[in-house]
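To keep things clear, I will list the structure first and then write my remarks on it.
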Amino acid sequence: KAEVKPDGSLLVEGKYIIKGKGTQAEPFKVTWDHLISAQHDYNPKEGQKTIPAHIQALHEKWVEITGYIAFPLMSNETDELLSMMNQWDGCCIGIPPTPYDAIEVRLTTAVAGDSRLTTYGSLKGVFKVDPHLVGGWLVGLYVMDQGKLTPVAYGGVAP
């Protein structure tokens, strides 16, 4: 259920406001609340195997989202990262992500040097709803291709 608002944004399921058009020039501006809402309807281990329409509608669309960033730890240059709703360092600080509040991102340009220290930023790319199951357990749900990272200063951490 989507309703077009007077400003051109969409009100989805009566809860989630999405601005943009889903194109590269005007990506959908998506919130983490919207993405994590999938957990109420999609849980393969419990037999809930239908991805909600308000999530599936984002598949193969250009999306922009802001969140915490984690790069692979043992790499001097990488074209992949994890975007998350909560801060997590991969070990001891923060909250480990769930499949509903993390996006595996493949960047168009590799990140090297001090840029790998970015901890918070906006990402824009082609969003995919791509469930990854291991033994019936959901371990990943969202992927972004052609990602472009724009660091956002957060507490003076991001370069």
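Ordering of the structure tokens sets the chain letters (A, B, ...), residue numbers begin anew at 1 in every chain, and ligands are numbered from 1 in the order given.
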Open item on the list: Can you pull out every residue from region 31-110 of chain A that DSSP, working from the backbone, puts in helix (DSSP H, G or I), and format the result as a PyMOL selection string?
Closed with: chain A and resi 32-40+44-46+53-56
Correct to one decimal, the distance CA of Asp33 (chain A)-CA of Lys45 (chain A) is 21.9 Å
Give me, as a VMD selection string, the residues of region 26-140 of chain A that a backbone DSSP run labels strand (DSSP E).
chain A and resid 28 to 29 42 to 43 48 to 49 61 to 70 77 to 84 102 to 112 120 to 134 137 to 140
If you take only C-alpha atoms and a cut-off of 9 Å, which residues of region 90-116 of chain A touch region 135-141 of chain A, and what are their nearest atom pairs and distances in Å to one decimal, in chain and number order, as a tab-separated table?
```
residue	atom	partner	partner_atom	distance
A:Thr98	CA	A:Val139	CA	7.5
A:Pro99	CA	A:Gly140	CA	4.5
A:Tyr100	CA	A:Leu141	CA	6.5
A:Asp101	CA	A:Leu141	CA	8.9
A:Ala102	CA	A:Gly140	CA	7.9
A:Ile103	CA	A:Leu141	CA	7.5
A:Glu104	CA	A:Gly140	CA	8.2
```
Inset, instruction - Would you list the contacts of region 7-22 of chain A as number ranges by chain, taking every protein, DNA or RNA residue within 10 Å and counting only C-alpha atoms, but skipping same-chain residues closer than 3 positions in sequence? - result: A: 1-4, 25-31, 33-35, 37, 53-55, 57-64, 125-127
field: Surrounding residues of Thr108 (chain A) excluding itself and chain neighbours under 5 positions, 12 Å, only C-alpha atoms, as a list in words
entry: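 Surrounding residues, per the criterion: Thr78, Asp79, Glu80, Leu81, Leu123, Lys124, Gly125, Val126, Met144, Asp145, Gln146, Gly147, Lys148 and Leu149 of chain A.
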Selected residues written out with N, CA, C and O atoms, as a PDB file, in the first residue's frame:
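File written: part.pdb
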```
ATOM      1  N   THR A  78      39.924  -1.763  -0.366  1.00  0.00           N
ATOM      2  CA  THR A  78      38.761  -2.638  -0.500  1.00  0.00           C
ATOM      3  C   THR A  78      37.658  -1.963  -1.308  1.00  0.00           C
ATOM      4  O   THR A  78      37.555  -0.748  -1.319  1.00  0.00           O
ATOM      5  N   ASP A  79      36.878  -2.787  -1.975  1.00  0.00           N
ATOM      6  CA  ASP A  79      35.726  -2.261  -2.701  1.00  0.00           C
ATOM      7  C   ASP A  79      34.433  -2.814  -2.106  1.00  0.00           C
ATOM      8  O   ASP A  79      33.399  -2.855  -2.750  1.00  0.00           O
ATOM      9  N   GLU A  80      34.515  -3.247  -0.840  1.00  0.00           N
ATOM     10  CA  GLU A  80      33.347  -3.754  -0.134  1.00  0.00           C
ATOM     11  C   GLU A  80      33.290  -3.153   1.262  1.00  0.00           C
ATOM     12  O   GLU A  80      34.315  -2.808   1.850  1.00  0.00           O
ATOM     13  N   LEU A  81      32.075  -3.062   1.793  1.00  0.00           N
ATOM     14  CA  LEU A  81      31.885  -2.615   3.162  1.00  0.00           C
ATOM     15  C   LEU A  81      30.539  -3.108   3.649  1.00  0.00           C
ATOM     16  O   LEU A  81      29.725  -3.612   2.874  1.00  0.00           O
ATOM     17  N   LEU A 123      25.302   6.108   1.671  1.00  0.00           N
ATOM     18  CA  LEU A 123      25.591   5.233   0.543  1.00  0.00           C
ATOM     19  C   LEU A 123      24.473   5.343  -0.471  1.00  0.00           C
ATOM     20  O   LEU A 123      23.299   5.422  -0.112  1.00  0.00           O
ATOM     21  N   LYS A 124      24.870   5.342  -1.723  1.00  0.00           N
ATOM     22  CA  LYS A 124      23.901   5.346  -2.812  1.00  0.00           C
ATOM     23  C   LYS A 124      24.309   4.252  -3.773  1.00  0.00           C
ATOM     24  O   LYS A 124      25.484   4.108  -4.093  1.00  0.00           O
ATOM     25  N   GLY A 125      23.326   3.461  -4.216  1.00  0.00           N
ATOM     26  CA  GLY A 125      23.614   2.388  -5.154  1.00  0.00           C
ATOM     27  C   GLY A 125      22.353   1.634  -5.512  1.00  0.00           C
ATOM     28  O   GLY A 125      21.253   2.003  -5.108  1.00  0.00           O
ATOM     29  N   VAL A 126      22.539   0.557  -6.276  1.00  0.00           N
ATOM     30  CA  VAL A 126      21.414  -0.279  -6.693  1.00  0.00           C
ATOM     31  C   VAL A 126      21.153  -1.296  -5.588  1.00  0.00           C
ATOM     32  O   VAL A 126      21.993  -2.140  -5.286  1.00  0.00           O
ATOM     33  N   MET A 144      23.887  -4.076  -1.894  1.00  0.00           N
ATOM     34  CA  MET A 144      23.898  -2.871  -2.728  1.00  0.00           C
ATOM     35  C   MET A 144      25.060  -2.982  -3.703  1.00  0.00           C
ATOM     36  O   MET A 144      26.196  -3.229  -3.298  1.00  0.00           O
ATOM     37  N   ASP A 145      24.776  -2.821  -4.985  1.00  0.00           N
ATOM     38  CA  ASP A 145      25.795  -2.800  -6.019  1.00  0.00           C
ATOM     39  C   ASP A 145      25.980  -1.369  -6.504  1.00  0.00           C
ATOM     40  O   ASP A 145      25.104  -0.519  -6.326  1.00  0.00           O
ATOM     41  N   GLN A 146      27.114  -1.112  -7.157  1.00  0.00           N
ATOM     42  CA  GLN A 146      27.442   0.207  -7.695  1.00  0.00           C
ATOM     43  C   GLN A 146      27.410   1.271  -6.595  1.00  0.00           C
ATOM     44  O   GLN A 146      27.008   2.410  -6.816  1.00  0.00           O
ATOM     45  N   GLY A 147      27.822   0.870  -5.399  1.00  0.00           N
ATOM     46  CA  GLY A 147      27.768   1.758  -4.243  1.00  0.00           C
ATOM     47  C   GLY A 147      28.761   2.901  -4.318  1.00  0.00           C
ATOM     48  O   GLY A 147      29.882   2.739  -4.787  1.00  0.00           O
ATOM     49  N   LYS A 148      28.308   4.038  -3.838  1.00  0.00           N
ATOM     50  CA  LYS A 148      29.162   5.219  -3.709  1.00  0.00           C
ATOM     51  C   LYS A 148      29.018   5.716  -2.281  1.00  0.00           C
ATOM     52  O   LYS A 148      27.914   5.979  -1.823  1.00  0.00           O
ATOM     53  N   LEU A 149      30.144   5.825  -1.582  1.00  0.00           N
ATOM     54  CA  LEU A 149      30.172   6.245  -0.192  1.00  0.00           C
ATOM     55  C   LEU A 149      30.473   7.729  -0.084  1.00  0.00           C
ATOM     56  O   LEU A 149      31.417   8.225  -0.691  1.00  0.00           O
TER      57      LEU A 149
END
```
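Of the listed residues A:Gln87, A:Val134, A:Thr150, A:Met74, the one whose atoms come nearest to Leu107 (chain A) is A:Thr150, with distances taken using only C-alpha atoms.
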Of A:Pro72, A:Pro44, A:Pro6, A:Pro151, the one nearest to Thr119 (chain A) when counting only C-alpha atoms is A:Pro151
One residue among A:Gly113, A:Cys91, A:Met85, A:Gln56 is nearest to Lys128 (chain A) when using only C-alpha atoms, and that residue is A:Gln56
